[in-house]
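Remarks on the structure that follows.
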Amino acid sequence: MAWARMLAASAAIAYLTSPLHAAEPGAVELPYRDAGLDEREAAAYLLDRLTFGARAGDVERIVDTGLDRWVAAQLTGDSPEPALDARLAEYEALRMSHAELAGRYPNSSEMSAHIRRFHLGLIPPRDEPILDFSVVSRKIDAFRELNGFRTQEGELHQQLLAQKVLRAVYAENQLREVLTDFWHNHFFTGPTSFNARLWILPYEQEALRPHALGEFRHLLGAVTRHPAMRRFYVGNEQDMAVAPEDTTMASVIAAKQAAGDSSAGVAALVARAKSEIVAMEYEEDLVLSREFWPRTGPNLEYARALVTLQTLGPAADGTAQELDGVARAFTGWTTMPVGPSDRWFARGLKDVFELGFVRDGSFLFRADHHDARTKLIFGQLYPAGGGVDEGERVLDYLAAHPSTARHLATKLAARFVAETPPKALVERLADVFERSGGDIAAVMETLIESPEFWAAARDRTKVKTPLEYVASALRATDAEVEAPQAAADWIARMGQPLYAYLEPTGYPDDGEYWLDPASLLQRVAFAEALAVGDIAGIAIDPSALVRDTAAAPNAADVAARILPGRTPADALASLDLAALQETSNLQGRSDRLAALTALVIASPEFQLR
């Protein structure tokens, strides 16, 4: 490949100009021998494809455990995580409920509203012109600090990035982490959306990771109800028509009840329910002025994402009428508001549930916003008055559809086998998906047992993303990561700022996307900075990467430790630094080891999985 030659040349240039010189045991069947691999090579390949990279000694540990047993454990994904848990213990946001997160990390609008409501006179009222915003900002910042409030943009975002890096580097359940990353790109939300920013961390913890190897329908339901997804698309409803009030679910239920003998009682119930809604919306209006609220009609953009990105796939793009039906089915699906303290929304909701409202944790179905009229969705009639169950019925249909099976089978095969996966493999995976009721672990087991998966071991074409590249380098060198933010910064420099893609598709699974010259040079710079100990808070011991500490280190020895079970290309195996050493006046063993380590990590061989 041309890019590979360019990368090798860049590695040599960087070297010369760097500061250094100035399921159940036995149940899984793995046909790796049919692909011409021995046990160590097969173990190394499993580590390359199913994890964020091999650590020192991993190949030997997997061989001793048994490849089938190791794969079965990864498919279960429930191994203890004492080392990871110890590192994550310092991140308070990981242990917080939704209300606690909102109370600790309010956004700027919530913070201003909280001060204006409960600390009168500290900052001007919302309707009073402000001549000097810097004065107000300083007062808000001082109030935050004094009362222990933290920022979403700063402290919370740092915890989000840090836990992502630490999980990739230190998790024992590596396949679960790889799939969590896969599913986050598939069901993409990000902190670039002001509305969703607070919820991205619990989104991974609550919706993605627990279901990453479970049933797809459960994953889809958890994602669809989560505040991160509901708020990510909330700003796209402004131009959508709102159903007339007398056609909403709440009005339909009230009318049915009033038709009986208790019309007076129903009128009183409706009055009490409306009073609860008015009180809740009054508090919401204090945070975000009502004229900036999104409309509550059908959200066609979310419907299109659900159908074409998350389930049926782009080839099954629905008609405008079908997408309108899907969008109408999800009217009223929203999030229970929370505030910076328990004084916000303290009245709560009670009587509204008699009119069809549903609350499940932070999920709120507002029956007064749900279009209760008859719908025709993908040829199926949805009778009037289906309520929250209409959305669940749509999810049932989409999760079980053959097009969803093929779409997900294609994406999983592209991620773990080849960017253009063999059609026969896709069809087998889709068949397993359908027959198993969307069992993701069953699909992955079939993939790992397939001859196509093992055939790809001899022709490595999958380029690591920046996250995969950095995590694999840290794992390969047994790095001690005390400051994961530094690793996240390097990942961003290589073109993958975590959680920050600008399209709802998530980052592409396309090697060419990551191979622009600027990104490749950043990879080389990272390899060198890591090798020479020039990344604050991250340390490695290059001497641990050679077996014979007495002999002069060579590239083949270092490559054998960083690329276990693989046969590096001739150019890498025959690297001889003697000429470079004479030219650059290298001094000492440590310089040579660091240089070899950098060259191996920057090599094209290491960048392919």
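Naming works like this for the structure tokens: A, B, ... for the chains as they're shown, residue 1 at the start of each chain, ligands 1 onward in shown order.
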Give me, as number ranges by chain, the residues of range 227-321 of chain A that a backbone DSSP run labels alpha helix (DSSP H). A: 227-232, 249-258, 263-287, 300-304, 320-321
Next, write the just-selected residues to a file, as a tab-separated table (two decimals), in the first residue's frame, keeping C-alpha atoms as the atom set.
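Written file, out-v6.tsv:
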```tsv
chain	number	residue	atom	x	y	z
A	227	PRO	CA	-32.38	10.83	27.78
A	228	ALA	CA	-29.22	10.91	25.65
A	229	MET	CA	-31.15	9.78	22.58
A	230	ARG	CA	-34.34	11.66	23.33
A	231	ARG	CA	-32.44	14.91	23.94
A	232	PHE	CA	-30.00	14.46	21.04
A	249	MET	CA	-53.83	10.64	23.96
A	250	ALA	CA	-54.67	12.50	27.17
A	251	SER	CA	-57.72	14.13	25.59
A	252	VAL	CA	-58.94	10.85	24.11
A	253	ILE	CA	-58.69	9.09	27.50
A	254	ALA	CA	-60.43	11.99	29.25
A	255	ALA	CA	-63.24	11.97	26.66
A	256	LYS	CA	-63.78	8.22	27.10
A	257	GLN	CA	-63.94	8.56	30.87
A	258	ALA	CA	-66.26	11.57	30.68
A	263	SER	CA	-67.96	13.32	33.97
A	264	ALA	CA	-67.66	15.73	36.88
A	265	GLY	CA	-64.95	13.60	38.44
A	266	VAL	CA	-63.11	13.43	35.13
A	267	ALA	CA	-63.26	17.20	34.76
A	268	ALA	CA	-61.72	17.57	38.19
A	269	LEU	CA	-59.03	14.99	37.30
A	270	VAL	CA	-58.22	16.84	34.09
A	271	ALA	CA	-57.97	20.12	36.00
A	272	ARG	CA	-55.59	18.61	38.54
A	273	ALA	CA	-53.49	16.99	35.79
A	274	LYS	CA	-53.27	20.25	33.86
A	275	SER	CA	-52.22	22.00	37.05
A	276	GLU	CA	-49.33	19.52	37.41
A	277	ILE	CA	-48.31	20.08	33.80
A	278	VAL	CA	-48.49	23.86	34.15
A	279	ALA	CA	-46.31	23.74	37.27
A	280	MET	CA	-43.73	21.52	35.53
A	281	GLU	CA	-43.67	23.69	32.42
A	282	TYR	CA	-43.39	26.84	34.49
A	283	GLU	CA	-40.17	25.52	36.00
A	284	GLU	CA	-38.91	24.42	32.58
A	285	ASP	CA	-39.63	27.92	31.30
A	286	LEU	CA	-37.42	29.38	34.03
A	287	VAL	CA	-34.50	27.39	32.60
A	300	LEU	CA	-39.06	13.16	11.18
A	301	GLU	CA	-35.30	13.43	11.62
A	302	TYR	CA	-35.35	11.01	14.54
A	303	ALA	CA	-37.69	8.68	12.66
A	304	ARG	CA	-35.34	8.65	9.69
A	320	ALA	CA	-42.47	9.96	3.51
A	321	GLN	CA	-45.79	8.51	4.66
```
Would you list the contacts of Lys164 in chain A as a PyMOL selection string, taking every protein, DNA or RNA residue within 12 Å and counting only C-alpha atoms, but skipping same-chain residues closer than 2 positions in sequence? chain A and resi 52+84+87-88+91+94+157-162+166-171+177-178+180-181+184+200-201+204-205+209+467-468+470-471+484-485+487-488+491+497-499
Let me see the file: selected residues, N, CA and C atoms, as a short mmCIF file (atom, residue, chain, number, x, y, z; two decimals), in the first residue's frame.
```
data_model
loop_
_atom_site.label_atom_id
_atom_site.label_comp_id
_atom_site.auth_asym_id
_atom_site.auth_seq_id
_atom_site.Cartn_x
_atom_site.Cartn_y
_atom_site.Cartn_z
N PHE A 52 -8.85 -4.36 22.32
CA PHE A 52 -8.12 -3.16 21.95
C PHE A 52 -6.63 -3.42 21.86
N LEU A 84 -9.69 -2.47 36.82
CA LEU A 84 -10.40 -1.36 36.19
C LEU A 84 -11.25 -0.61 37.21
N ARG A 87 -9.35 1.83 39.22
CA ARG A 87 -8.97 3.05 38.50
C ARG A 87 -10.16 3.97 38.26
N LEU A 88 -11.34 3.39 38.13
CA LEU A 88 -12.53 4.22 37.88
C LEU A 88 -13.13 4.79 39.15
N TYR A 91 -13.76 8.58 39.76
CA TYR A 91 -14.64 9.36 38.91
C TYR A 91 -16.07 9.32 39.46
N LEU A 94 -19.54 8.45 37.59
CA LEU A 94 -19.89 7.07 37.26
C LEU A 94 -20.81 6.44 38.29
N HIS A 157 -17.01 16.34 31.26
CA HIS A 157 -16.47 15.88 29.98
C HIS A 157 -15.12 15.19 30.18
N GLN A 158 -14.32 15.68 31.10
CA GLN A 158 -13.04 15.05 31.37
C GLN A 158 -13.24 13.63 31.91
N GLN A 159 -14.23 13.45 32.76
CA GLN A 159 -14.51 12.11 33.29
C GLN A 159 -15.01 11.18 32.17
N LEU A 160 -15.80 11.73 31.28
CA LEU A 160 -16.30 10.95 30.14
C LEU A 160 -15.14 10.43 29.31
N LEU A 161 -14.19 11.30 28.97
CA LEU A 161 -13.04 10.90 28.16
C LEU A 161 -12.14 9.94 28.92
N ALA A 162 -11.91 10.23 30.20
CA ALA A 162 -10.98 9.42 30.99
C ALA A 162 -11.47 7.99 31.12
N LEU A 166 -9.56 4.50 29.94
CA LEU A 166 -9.22 3.50 30.95
C LEU A 166 -9.91 2.17 30.68
N ARG A 167 -11.14 2.20 30.25
CA ARG A 167 -11.84 0.94 29.92
C ARG A 167 -11.18 0.24 28.74
N ALA A 168 -10.80 1.01 27.74
CA ALA A 168 -10.16 0.41 26.57
C ALA A 168 -8.83 -0.23 26.94
N VAL A 169 -8.09 0.39 27.85
CA VAL A 169 -6.74 -0.09 28.18
C VAL A 169 -6.78 -1.21 29.22
N TYR A 170 -7.65 -1.10 30.22
CA TYR A 170 -7.54 -2.00 31.37
C TYR A 170 -8.67 -3.00 31.53
N ALA A 171 -9.73 -2.92 30.77
CA ALA A 171 -10.85 -3.84 30.96
C ALA A 171 -10.45 -5.27 30.64
N GLU A 177 -16.21 -4.06 25.67
CA GLU A 177 -15.82 -2.66 25.47
C GLU A 177 -15.73 -2.31 23.99
N VAL A 178 -15.20 -3.23 23.20
CA VAL A 178 -15.13 -2.99 21.76
C VAL A 178 -16.54 -2.83 21.19
N THR A 180 -19.23 -1.95 22.91
CA THR A 180 -19.82 -0.71 23.43
C THR A 180 -19.43 0.46 22.55
N ASP A 181 -18.18 0.49 22.12
CA ASP A 181 -17.74 1.54 21.20
C ASP A 181 -18.45 1.40 19.85
N HIS A 184 -21.99 2.58 20.28
CA HIS A 184 -22.12 4.03 20.45
C HIS A 184 -22.05 4.75 19.10
N ILE A 200 -24.49 11.64 28.16
CA ILE A 200 -23.68 10.70 27.38
C ILE A 200 -23.01 9.66 28.26
N LEU A 201 -22.50 10.06 29.41
CA LEU A 201 -21.84 9.11 30.30
C LEU A 201 -22.80 8.04 30.80
N GLU A 204 -23.80 5.34 27.95
CA GLU A 204 -22.94 4.16 27.77
C GLU A 204 -23.12 3.17 28.90
N GLN A 205 -23.21 3.69 30.12
CA GLN A 205 -23.28 2.82 31.29
C GLN A 205 -24.60 2.06 31.39
N ARG A 209 -23.51 -0.53 27.30
CA ARG A 209 -22.63 -1.58 27.83
C ARG A 209 -23.42 -2.79 28.37
N LEU A 467 -8.47 5.76 18.39
CA LEU A 467 -8.73 5.17 19.70
C LEU A 467 -8.11 3.79 19.79
N GLU A 468 -8.32 2.96 18.78
CA GLU A 468 -7.75 1.62 18.79
C GLU A 468 -6.22 1.66 18.75
N VAL A 470 -4.11 4.12 19.84
CA VAL A 470 -3.55 4.57 21.11
C VAL A 470 -3.75 3.52 22.19
N ALA A 471 -4.95 2.97 22.30
CA ALA A 471 -5.22 1.96 23.33
C ALA A 471 -4.34 0.74 23.13
N PRO A 484 -5.34 9.78 31.88
CA PRO A 484 -5.95 9.36 30.61
C PRO A 484 -6.32 10.52 29.69
N GLN A 485 -6.45 11.72 30.25
CA GLN A 485 -6.77 12.86 29.40
C GLN A 485 -5.69 13.08 28.35
N ALA A 487 -3.94 10.82 26.82
CA ALA A 487 -4.20 9.88 25.72
C ALA A 487 -5.37 10.36 24.87
N ALA A 488 -6.43 10.87 25.51
CA ALA A 488 -7.58 11.38 24.76
C ALA A 488 -7.17 12.55 23.87
N ILE A 491 -5.54 11.13 20.81
CA ILE A 491 -6.56 10.54 19.94
C ILE A 491 -7.23 11.65 19.12
N PRO A 497 -11.61 13.07 17.90
CA PRO A 497 -12.01 13.55 19.23
C PRO A 497 -13.18 12.72 19.74
N LEU A 498 -13.00 12.13 20.89
CA LEU A 498 -13.97 11.15 21.38
C LEU A 498 -15.34 11.80 21.60
N TYR A 499 -16.37 11.11 21.12
CA TYR A 499 -17.77 11.51 21.26
C TYR A 499 -18.10 12.78 20.47
#
```
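Here the question is which of A:Arg415, A:Thr308, A:Pro202, A:Phe330 gets nearest to Leu179 in chain A using only C-alpha atoms, and that residue is A:Arg415.
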From a DSSP calculation on the backbone, collect every residue of range 346-572 of chain A in strand (DSSP E or B) and output the set as a PyMOL selection string. chain A and resi 358-360+363-365+371+375-377+380-382+439+463+480-481+538-539
Env of Ser79 in chain A: 10 Å cut, atoms = only C-alpha atoms, seq-sep filter 4 positions within chain, self excluded. Answer as an NGL selection string. :A and (73-74 or 171-174)
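With distances restricted to only C-alpha atoms, A:Val338 is the closest residue to Tyr105 in chain A from A:Val338, A:Ala316, A:Ala56, A:Val242.
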For Asp439 in chain A: contacts at 8 Å, only C-alpha atoms, fewer than 4 positions along chain excluded, given as a VMD selection string: chain A and resid 213 to 216 433 443
Quick one: everything within 9 Å of Pro244 in chain A, counting only C-alpha atoms, minus sequence neighbours fewer than 3 positions away in the same chain. Send it as number ranges by chain. A: 247-248, 371
Hey, can you spit out that residue selection with N, CA and C atoms as an mmCIF file, in the first residue's frame?
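In the end it all went to again_3.cif:
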```
data_model
loop_
_atom_site.group_PDB
_atom_site.id
_atom_site.type_symbol
_atom_site.label_atom_id
_atom_site.label_comp_id
_atom_site.auth_asym_id
_atom_site.auth_seq_id
_atom_site.Cartn_x
_atom_site.Cartn_y
_atom_site.Cartn_z
ATOM 1 N N THR A 247 -57.047 15.593 19.798
ATOM 2 C CA THR A 247 -56.629 14.294 19.251
ATOM 3 C C THR A 247 -55.458 13.706 20.028
ATOM 4 N N THR A 248 -55.019 14.354 21.100
ATOM 5 C CA THR A 248 -53.920 13.797 21.883
ATOM 6 C C THR A 248 -54.418 12.641 22.744
ATOM 7 N N ASP A 371 -49.859 12.009 19.505
ATOM 8 C CA ASP A 371 -50.881 11.977 18.455
ATOM 9 C C ASP A 371 -51.597 10.630 18.517
#
```
All residues 10 Å or closer to His370 in chain A, only C-alpha atoms, same chain fewer than 5 positions away omitted, as a count of residues only: 24
Please provide as a list in words all residues within 12 Å of Leu381 in chain A, with the sequence filter that same-chain residues fewer than 5 positions apart are discarded (counting only C-alpha atoms). Glu322, Gly325, Val326, Ala329, Arg373, Thr374, Lys375, Leu376, Gly386, Glu390, Arg393 and Val394 of chain A
Write the selection just made, keeping C-alpha atoms, as a PDB file, in the first residue's frame?
```
ATOM      1  CA  GLU A 322     -44.106   5.610   6.470  1.00  0.00           C
ATOM      2  CA  GLY A 325     -46.186   7.283  10.779  1.00  0.00           C
ATOM      3  CA  VAL A 326     -43.058   6.270  12.711  1.00  0.00           C
ATOM      4  CA  ALA A 329     -45.851   6.920  16.982  1.00  0.00           C
ATOM      5  CA  ARG A 373     -55.039   9.205  15.742  1.00  0.00           C
ATOM      6  CA  THR A 374     -54.961   6.091  13.532  1.00  0.00           C
ATOM      7  CA  LYS A 375     -51.626   5.395  11.840  1.00  0.00           C
ATOM      8  CA  LEU A 376     -50.473   3.216   8.962  1.00  0.00           C
ATOM      9  CA  GLY A 386     -52.431   3.132  21.223  1.00  0.00           C
ATOM     10  CA  GLU A 390     -47.317   2.327  19.646  1.00  0.00           C
ATOM     11  CA  ARG A 393     -44.736  -1.897  18.693  1.00  0.00           C
ATOM     12  CA  VAL A 394     -42.657  -0.003  16.109  1.00  0.00           C
TER      13      VAL A 394
END
```
Take CA of Val358 in chain A and CA of Trp293 in chain A and report the distance between them in Å, one decimal. 21.5 Å
Looking at A:Leu156, A:Val307, A:Met336, A:Ile448, which one is nearest to Arg359 in chain A, with distances taken over only C-alpha atoms? A:Met336
Nearest residue to Ser543 in chain A from the set A:Leu563, A:Val71, A:Ile123, A:Leu593 (distances using only C-alpha atoms): A:Leu593
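Take the candidates A:His218, A:Ala89, A:Thr461, A:Glu605 and check each one against Glu512 in chain A using only C-alpha atoms; the shortest distance goes to A:Thr461.
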